[in-house]
Amino acid sequence: MYKRPLCMVVLVQLVGCSSMSVEECKVADWYSVGLQDGQNGAPSSRVSDYAEDCLEANVTVDQAVWFNGYDLGLTYYCMPDNGYRIGRSGGGYYGVCDSPLFLEQYNLGRKEYQVEQRIREIDRELASIANQLRQLEKNAKYNSDEGKRLRSRESMLRSERRSLMVPTIQYHFTF
């Protein structure tokens, strides 16, 4: 009952958070900040957030220096194996890489992540169905319409799970 208001308070606080405090603005090494943002795959609009936040401290963001660090950070972030790692872990991608290999690997990793998440959902639903079937059995209603519906759903889920577990092999030929 109290979860919804609490979630709203937390969400409002997160949205209201600035990207950089006044104290951080005063001591920022803009090259390092840009490098870190690039390595994390942050969108380039992040520097505008800093500029807005640092106005309060009367600090001007050295955007040229930030972009030098950011561009170097992106060279590390945009490596194809990093794309796979980010996608596989369920991380977001903000369209900052020009490399089609990065995007290909990100999508491959993301697909594997989604399959893994679907398998977990299926496992949770199968456990729930098993509990419901046990309850029906205790009440001598195992062969009721509800029992039949649950067993049918269980069968479909097991079939889907098996199909997700079978690895897909793709061959790419370049001539």
# chains A, B, ... in the order shown; residues from 1 in each chain; ligands from 1
call {"tool": "residues_around", "arguments": {"residues": "Leu35 of chain A", "least_positions_apart": "2", "cutoff": "6 Å", "atoms": "only C-alpha atoms", "output": "list of chain:residue names"}}
result
A:Ser32, A:Val33, A:Asp37, A:Gly38, A:Gly69, A:Tyr70, A:Gly73
call {"tool": "residues_around", "arguments": {"residues": "segment 42-49 of chain A", "least_positions_apart": "6", "cutoff": "7 Å", "atoms": "only C-alpha atoms", "output": "PyMOL selection string"}}
result
chain A and resi 19+63+94+96
call {"tool": "residues_around", "arguments": {"residues": "Glu104 of chain A", "least_positions_apart": "2", "cutoff": "12 Å", "atoms": "only C-alpha atoms", "output": "NGL selection string"}}
result
:A and (78-87 or 97-102 or 106-111)
call {"tool": "closest_residue", "arguments": {"among": "A:Ala130, A:Val166, A:Val65, A:Leu136", "to": "Tyr31 of chain A", "atoms": "only C-alpha atoms"}}
result
A:Val65
call {"tool": "closest_residue", "arguments": {"among": "A:Phe67, A:Trp30, A:Tyr76, A:Tyr113", "to": "Arg88 of chain A", "atoms": "only C-alpha atoms"}}
result
A:Tyr113
call {"tool": "select_by_dssp", "arguments": {"residues": "segment 38-175 of chain A", "states": "alpha helix (DSSP H)", "output": "MDAnalysis selection string"}}
result
chainID A and resid 38:39 46:54 63:77 80:88 100:138 145:165
call {"tool": "residues_around", "arguments": {"residues": "Ala28 of chain A", "least_positions_apart": "4", "cutoff": "10 Å", "atoms": "only C-alpha atoms", "output": "ChimeraX atom specification"}}
result
/A:20,22-24,32-33,59,61-62
call {"tool": "atom_distance", "arguments": {"atom1": "atom CA of Gly92 of chain A", "atom2": "atom CA of Glu52 of chain A"}}
result
24.4 Å
call {"tool": "residues_around", "arguments": {"residues": "Met156 of chain A", "least_positions_apart": "5", "cutoff": "12 Å", "atoms": "only C-alpha atoms", "output": "number ranges by chain"}}
result
A: 122, 125-126, 129, 149-151, 161-163
call {"tool": "atom_distance", "arguments": {"atom1": "atom CA of Gln36 of chain A", "atom2": "atom CA of Glu56 of chain A"}}
result
22.8 Å
call {"tool": "atom_distance", "arguments": {"atom1": "atom CA of Glu154 of chain A", "atom2": "atom CA of Glu121 of chain A"}}
result
12.7 Å
call {"tool": "residues_around", "arguments": {"residues": "Arg118 of chain A", "least_positions_apart": "6", "cutoff": "10 Å", "atoms": "only C-alpha atoms", "output": "mmCIF file with N, CA and C atoms, in the first residue's frame"}}
result
data_model
loop_
_atom_site.group_PDB
_atom_site.id
_atom_site.type_symbol
_atom_site.label_atom_id
_atom_site.label_comp_id
_atom_site.auth_asym_id
_atom_site.auth_seq_id
_atom_site.Cartn_x
_atom_site.Cartn_y
_atom_site.Cartn_z
ATOM 1 N N GLU A 112 20.895 -12.399 -26.269
ATOM 2 C CA GLU A 112 21.178 -13.458 -25.291
ATOM 3 C C GLU A 112 20.655 -13.075 -23.913
ATOM 4 N N ARG A 124 9.803 -18.994 -13.327
ATOM 5 C CA ARG A 124 8.935 -18.485 -12.256
ATOM 6 C C ARG A 124 7.482 -18.904 -12.499
ATOM 7 N N GLU A 160 8.409 -23.848 -25.015
ATOM 8 C CA GLU A 160 9.097 -22.583 -25.300
ATOM 9 C C GLU A 160 10.477 -22.563 -24.656
ATOM 10 N N ARG A 161 10.567 -23.039 -23.425
ATOM 11 C CA ARG A 161 11.849 -23.056 -22.714
ATOM 12 C C ARG A 161 12.867 -23.922 -23.448
ATOM 13 N N LEU A 164 14.189 -22.150 -26.448
ATOM 14 C CA LEU A 164 15.120 -21.079 -26.094
ATOM 15 C C LEU A 164 16.481 -21.623 -25.682
#
call {"tool": "closest_residue", "arguments": {"among": "A:Val27, A:Ser21, A:Tyr93, A:Leu72", "to": "Tyr50 of chain A", "atoms": "only C-alpha atoms"}}
result
A:Ser21
call {"tool": "closest_residue", "arguments": {"among": "A:Asp53, A:Asp29, A:Glu116, A:Asp123", "to": "Gly90 of chain A", "atoms": "only C-alpha atoms"}}
result
A:Glu116
